[in-house]
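**Student:** What follows is a single structure, and I will ask about it in a moment.
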Amino acid sequence: MTPTRRRRLYMVLGILAGVAVAVAFALQSFKSSIGYKPPTEVVAGTMAVGKRFQLGGMVKKGSVQRIPGTLEIHFVVTDFQNEIPAVYTGVLPDLFKENSGVQANGRLNDKGVFIADEVLAKHDENYMPPAMGKSLKKGESRLDSPPQGSQ
């Protein structure tokens, strides 16, 4: 094999190795992405305690409690089927309010409370993942119907 061909062979092998490394990094990032989870999935036990994930849903009406003298806020995230209590310490976005969409990044503690380290308020359901919109519509239709046994 001539030196020119050997150099080309090494160059092609180097390019193939670089592409393989790039593909491996891309696949690893897809595998470890945070991913959005509604309260129903979390209650079902799909998330391990201490594993970081993104919780999304609506802030339950009447659930926001601010601890006086601190930046600690307690609230409940619901998809109208299940609820997850959440705690956040920090300044909330201006759009954060009860009966509004929220997505929070954090971890579930051993008591089933979501400890958020970032809270994102959503102002319009058009920005929600499709599964969340469907879940919320089911919950709203359940809220509109009379309770069973009250007829």
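By convention in this document, the chains of the structure tokens carry letters A, B, ... by their order, each chain's residues are numbered from 1, and ligands are numbered from 1 in the order they are shown.
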Could you name the residues that touch Thr89 of chain A at 8 Å or less, counting only C-alpha atoms, but leaving out those on the same chain fewer than 3 positions away, as a tab-separated table (two decimals) with C-alpha atoms, in the first residue's frame?

**Tutor:**
chain	number	residue	atom	x	y	z
A	71	LEU	CA	-39.09	32.48	49.40
A	72	GLU	CA	-40.55	29.00	50.04
A	73	ILE	CA	-43.84	28.26	48.28
A	116	ALA	CA	-38.71	21.89	42.41
A	117	ASP	CA	-35.52	23.71	41.54

**Student:** For the atom pair atom CA of Gly50 of chain A and atom CA of Asn105 of chain A, what is the interatomic distance in Å to one decimal place?

**Tutor:**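 Atom-to-atom, atom CA of Gly50 of chain A and atom CA of Asn105 of chain A are spaced 12.0 Å apart.
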
**Student:** Neighbouring residues of segment 112-114 of chain A were defined as those with any atom within 6 Å, considering only C-alpha atoms; residues of the same chain fewer than 5 positions away were excluded. Please report them as a list of chain:residue names.

**Tutor:**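 Non-adjacent residues within range: A:Pro85, A:Ala86, A:Arg107.
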
**Student:** Quick one: pick out all strand (DSSP E) residues within segment 33-137 of chain A from a backbone DSSP run and write them as number ranges by chain.

**Tutor:** A: 36-37, 52-59, 65-66, 72-78, 83-89, 101-108, 114-122

**Student:** What does the file look like for those residues with C-alpha atoms, as a JSON list (two decimals), in the first residue's frame?

**Tutor:**
[["chain", "number", "residue", "atom", "x", "y", "z"],
["A", 36, "TYR", "CA", -42.31, 15.67, 30.92],
["A", 37, "LYS", "CA", -44.47, 13.64, 33.33],
["A", 52, "ARG", "CA", -34.68, 14.34, 38.17],
["A", 53, "PHE", "CA", -37.69, 14.88, 35.87],
["A", 54, "GLN", "CA", -40.11, 17.54, 34.69],
["A", 55, "LEU", "CA", -43.56, 17.60, 36.29],
["A", 56, "GLY", "CA", -46.32, 19.34, 34.36],
["A", 57, "GLY", "CA", -49.94, 20.15, 35.03],
["A", 58, "MET", "CA", -52.17, 22.81, 36.53],
["A", 59, "VAL", "CA", -51.70, 24.60, 39.85],
["A", 65, "GLN", "CA", -49.16, 28.70, 50.33],
["A", 66, "ARG", "CA", -46.28, 31.12, 50.84],
["A", 72, "GLU", "CA", -40.55, 29.00, 50.04],
["A", 73, "ILE", "CA", -43.84, 28.26, 48.28],
["A", 74, "HIS", "CA", -45.97, 25.12, 48.62],
["A", 75, "PHE", "CA", -48.49, 24.25, 45.90],
["A", 76, "VAL", "CA", -50.21, 21.25, 44.35],
["A", 77, "VAL", "CA", -49.81, 20.21, 40.70],
["A", 78, "THR", "CA", -52.81, 18.38, 39.26],
["A", 83, "GLU", "CA", -52.28, 15.49, 42.50],
["A", 84, "ILE", "CA", -48.65, 15.92, 43.53],
["A", 85, "PRO", "CA", -47.66, 18.35, 46.32],
["A", 86, "ALA", "CA", -44.71, 20.55, 45.35],
["A", 87, "VAL", "CA", -42.28, 22.85, 47.13],
["A", 88, "TYR", "CA", -40.22, 25.59, 45.49],
["A", 89, "THR", "CA", -37.78, 28.02, 47.04],
["A", 101, "GLY", "CA", -50.42, 25.72, 33.73],
["A", 102, "VAL", "CA", -47.05, 24.97, 35.28],
["A", 103, "GLN", "CA", -44.01, 22.87, 34.50],
["A", 104, "ALA", "CA", -41.41, 22.33, 37.19],
["A", 105, "ASN", "CA", -38.01, 20.66, 37.08],
["A", 106, "GLY", "CA", -36.88, 18.79, 40.16],
["A", 107, "ARG", "CA", -37.02, 15.56, 42.12],
["A", 108, "LEU", "CA", -39.51, 13.54, 44.12],
["A", 114, "PHE", "CA", -41.92, 17.18, 44.42],
["A", 115, "ILE", "CA", -38.97, 19.42, 45.29],
["A", 116, "ALA", "CA", -38.71, 21.89, 42.41],
["A", 117, "ASP", "CA", -35.52, 23.71, 41.54],
["A", 118, "GLU", "CA", -37.06, 25.53, 38.56],
["A", 119, "VAL", "CA", -40.66, 26.54, 37.88],
["A", 120, "LEU", "CA", -41.97, 27.56, 34.46],
["A", 121, "ALA", "CA", -45.44, 29.12, 34.30],
["A", 122, "LYS", "CA", -47.52, 28.57, 31.18]]

**Student:** Considering only C-alpha atoms, can you say which of A:Glu41, A:Ala26, A:Gly90, A:Gln81 comes closest to Ile67 of chain A?

**Tutor:** A:Gly90

**Student:** As number ranges by chain, list the residues of segment 33-67 of chain A assigned to helix (DSSP H, G or I) by DSSP on the backbone atoms of this structure.

**Tutor:** A: 39-43

**Student:** Those selected residues, please, written with C-alpha atoms and delivered as a tab-separated table (two decimals), in the first residue's frame.

**Tutor:**
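What ended up in out.tsv:
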chain	number	residue	atom	x	y	z
A	39	PRO	CA	-49.10	13.70	38.02
A	40	THR	CA	-50.98	10.54	37.00
A	41	GLU	CA	-47.75	8.92	35.74
A	42	VAL	CA	-45.85	10.00	38.85
A	43	VAL	CA	-48.52	8.59	41.18

**Student:** Atom CA of Thr2 of chain A to atom CA of Val21 of chain A: how many Å, to one decimal?

**Tutor:**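 Distance between the two atoms: 28.6 Å.
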